[in-house]
Amino acid sequence: MTQHKMDADYGASALDRGVQGVLGKGIDRTDGIAKVTGAAIYAAEHKPRGKLAYGYAVTAPIAVGTIRSVDAEAARAMPGVLTVITDDPRLPSESPNIGAETAPRFDGVVESYGQIVALVVAESFEEARAAAMAVTIDAVPQKGKFDTMAHVDSARPPHEGAMLPDAIKGDVDAAMAAGEVTLDISYSTPYQVHASMEPHAATAEWDGDNLTLYGSIQIFRAARPLLAKSLGIDIDRVRMLSPYIGGGFGGKVGGPEIVLAAMGAQAVGRPVRVALTRQQLFHSIFGRSDTHQRIRLAAGHDGKLTAMAQDSVVSQKVGVQFFEPVALGAISLYAAPARQFTTRIVKLNVTRAGAVRAPGEAVGMMALEAAMDEMAEQLGLDPIDFRKLNEPEVDPMKGVPFSTRRLTDCLDEGAKRFGWERRVATPGSVREGEWLIGMGMATAARVNFLAPSDARVRLTPEGNAIVETDMTDIGTGTYTILAQIAGEMLGLPIDRVSVALGDSDFPSGAGSGGSFGAASSGSSVQLACDDIVAELARRMDAKPADMTLKDGHAIAGNRRVPIAELVGDAPIEATGGIRPGSNSRSFSQATHGAQFAEVAVNAVTGEVRVRRMLGVFDCGRILNAKTARSQAIGGMIWGIGYALHEDAVLDRRSGSYVNRDLGEYHIPVNADVPQIEAYFIEEIDTHASPVGAKGIGELGISGAGAAITNAIYNATGVRVRDWPMTLDQILPGLPPV
């Protein structure tokens, strides 16, 4: 096995010498036909060997207090009921956060609404649901804490070793006092939830002491040990399968359904499927906390920032350490000698907060980029010019060089493609009948990570390649990009490469999350292929650099030999492994972009229509132009939701969300989504990963909501600082018709 730690660049690779011409191309998804024909099997569709039973979770009707008893006698007597589990100490109460060793266990104490307190298992889903409704819960409610700002005096700083500790450089207060132009504004974002198309589901089947778990799981290296420890069994007895996932976005790292299904199957001695309802997901799966952000900026009349601060208050469930890292995208974004980024956490009796697409940047960049526009207006500068004036030469916090940084190019290319020169700076100046028209922009930024990842590549006697890793595909295109990397390096057309994912029997991959999946898993495939290329070169009696692989043939000197002939009777197999290293400290690594939006706001009703959006992004090597574009567009659509729609409304009397379904938790639908364009400034980043790619999945959401916010101001002159931007906020400030 070849393993590379990113303490230095990987150097020359067969990937750089590849001439097959498949890498980077917008090749259709290799799993696309399976998905559109129904051949792709998702978590709730697996057919186990035994007769399937169904589990249904029973949840607490209070947010704070104790459960005195759970009376299941009536439920047990109902038709089709096999068992009701109420007192198993392994019973999970809710979703764990990434990195948890075990699922949170129900101990009779309720600290947030909707915690799981029992499991009904029956012959059918309908019978399990009916019995669950018949379970009687004797609860003793207590007074809870549900309002973040009402309890702000109890806020505490991040715990030791937090992902984002407070970061302070220089004296922001002094710089603000001395600043020629200053801004001190507060912004807020609401609670937001995971709303993947595919709900959380799992099917469990025991074979003696061995468990097979079919689930919808993003990261096996987190979920498999969590499941084993939660059940109290050895990890080697757990096989996990998740070949297709209908959206994850950080929420599917191993929810309570995997433990519930395993417990239920063990109790009844046959396979059990547990699918959480949409209403249950709002409280049993973590979401994004509310944020209250104070942005302070100071600058000279020349537009150069002298101070920059983003101080945030967020909420979290009692007993949970994770918090929304609001300032993650801002820390290294703009040059300013005095800098301050702090977080204070208020512990409440609310559903736990966890990782949702682009933790930190998705909401932090909304406030920061709205503030940057407000500051640009005070300075009398074009918003793009203001941002370019404050482009740092090195990381302004750590002083280290950037691995790559093409933000200025993204701003320029985006402005040109969008037609920014047609923007009228004076708000409310452009009208089409009842509609006020405006343009806005914002910067996008997302930190870049690399995760440990292993992959096995086998070159068969037929001259085909097989890639195996327990890496997952949450709809991002992993099947396709890994096939492209292997095909490019081994000189094989894409139809001669097969990729197998989502099986814990395969080498341990990075998993899907944090935008590290493509670069990490792709690099491990690259390392394995380099070893295979070296062996083919040896058999050709040539150096790897002197050999060309194309269309299933090896070419060196005056020889052109079919790869199958070089392989012979036994496959050539190699395993590659990538590990993070000191490069993550030696270089500031991030992805960047420029977001643009045009909106129309009805001068009578206040209705907002996003008419078009455009983004230009810098994220290293583009592995597949089509799937990369899809990722960017998906993030931008989510940005529309954060700007105009998404708001999990917390009832501060009961601690429950009042809109806990997709009928009332509003997300953008087809009619809300305009023409969206996404482009890329490509620069291969060999400091970030051997494959030269950086994360894209979360970059697209960053700044998108701010671009819409700034466009609404340009259209109307109305500044909205509390999202989502609803009619009641916009209407009072509209100019007379």
# chains A, B, ... in the order shown; residues from 1 in each chain; ligands from 1

$ select_by_dssp --residues "range 88-177 of chain A" --states "strand (DSSP E or B)" --output "ChimeraX atom specification"
/A:92,105,109-110,116-122,136-141,156,167-169

$ write_last_selection --atoms "C-alpha atoms" --output "PDB file, in the first residue's frame"
ATOM      1  CA  PRO A  92     -30.960   6.277  21.350  1.00  0.00           C
ATOM      2  CA  ARG A 105     -29.020   7.328  25.173  1.00  0.00           C
ATOM      3  CA  VAL A 109     -34.597  12.735  31.360  1.00  0.00           C
ATOM      4  CA  VAL A 110     -35.833  14.940  28.523  1.00  0.00           C
ATOM      5  CA  ILE A 116     -37.014   9.227  21.264  1.00  0.00           C
ATOM      6  CA  VAL A 117     -38.334   7.268  24.256  1.00  0.00           C
ATOM      7  CA  ALA A 118     -39.472   3.936  22.749  1.00  0.00           C
ATOM      8  CA  LEU A 119     -39.592   1.801  19.616  1.00  0.00           C
ATOM      9  CA  VAL A 120     -42.548  -0.191  18.306  1.00  0.00           C
ATOM     10  CA  VAL A 121     -41.856  -3.113  15.942  1.00  0.00           C
ATOM     11  CA  ALA A 122     -44.719  -4.583  13.927  1.00  0.00           C
ATOM     12  CA  THR A 136     -49.058   6.412  26.744  1.00  0.00           C
ATOM     13  CA  ILE A 137     -46.260   8.563  28.162  1.00  0.00           C
ATOM     14  CA  ASP A 138     -46.502   9.888  31.708  1.00  0.00           C
ATOM     15  CA  ALA A 139     -44.281  12.952  31.602  1.00  0.00           C
ATOM     16  CA  VAL A 140     -43.466  15.461  34.309  1.00  0.00           C
ATOM     17  CA  PRO A 141     -42.685  18.735  32.506  1.00  0.00           C
ATOM     18  CA  ARG A 156     -19.865  31.036  27.389  1.00  0.00           C
ATOM     19  CA  ALA A 167      -9.196  34.558  17.176  1.00  0.00           C
ATOM     20  CA  ILE A 168      -7.958  38.050  18.011  1.00  0.00           C
ATOM     21  CA  LYS A 169      -5.133  40.077  16.466  1.00  0.00           C
TER      22      LYS A 169
END

$ residues_around --residues "Gly697 in chain A" --least-positions-apart "4" --cutoff "9 Å" --atoms "only C-alpha atoms" --output "MDAnalysis selection string"
chainID A and resid 357:358 476 513:516 628 631:632 634:635 701

$ select_by_dssp --residues "range 154-338 of chain A" --states "alpha helix (DSSP H)" --output "PyMOL selection string"
chain A and resi 172-178+220-231+256-268+278-284

$ atom_distance --atom1 "CA of Ala228 in chain A" --atom2 "CA of Ser289 in chain A"
29.0 Å

$ residues_around --residues "Val430 in chain A" --least-positions-apart "6" --cutoff "10 Å" --atoms "only C-alpha atoms" --output "PyMOL selection string"
chain A and resi 423-424+436-438+600+714-716

$ closest_atom_pairs --of "range 135-202 of chain A" --to "range 303-318 of chain A" --cutoff "8 Å" --atoms "only C-alpha atoms" --output "Markdown table"
| residue | atom | partner | partner_atom | distance |
| --- | --- | --- | --- | --- |
| A:Thr148 | CA | A:Ser315 | CA | 6.0 |
| A:Val152 | CA | A:Val313 | CA | 7.7 |
| A:Ala155 | CA | A:Val313 | CA | 7.6 |
| A:Val172 | CA | A:Ala307 | CA | 5.6 |
| A:Ala175 | CA | A:Ala307 | CA | 5.8 |
| A:Met176 | CA | A:Ala307 | CA | 6.6 |
| A:Gly179 | CA | A:Thr306 | CA | 7.2 |
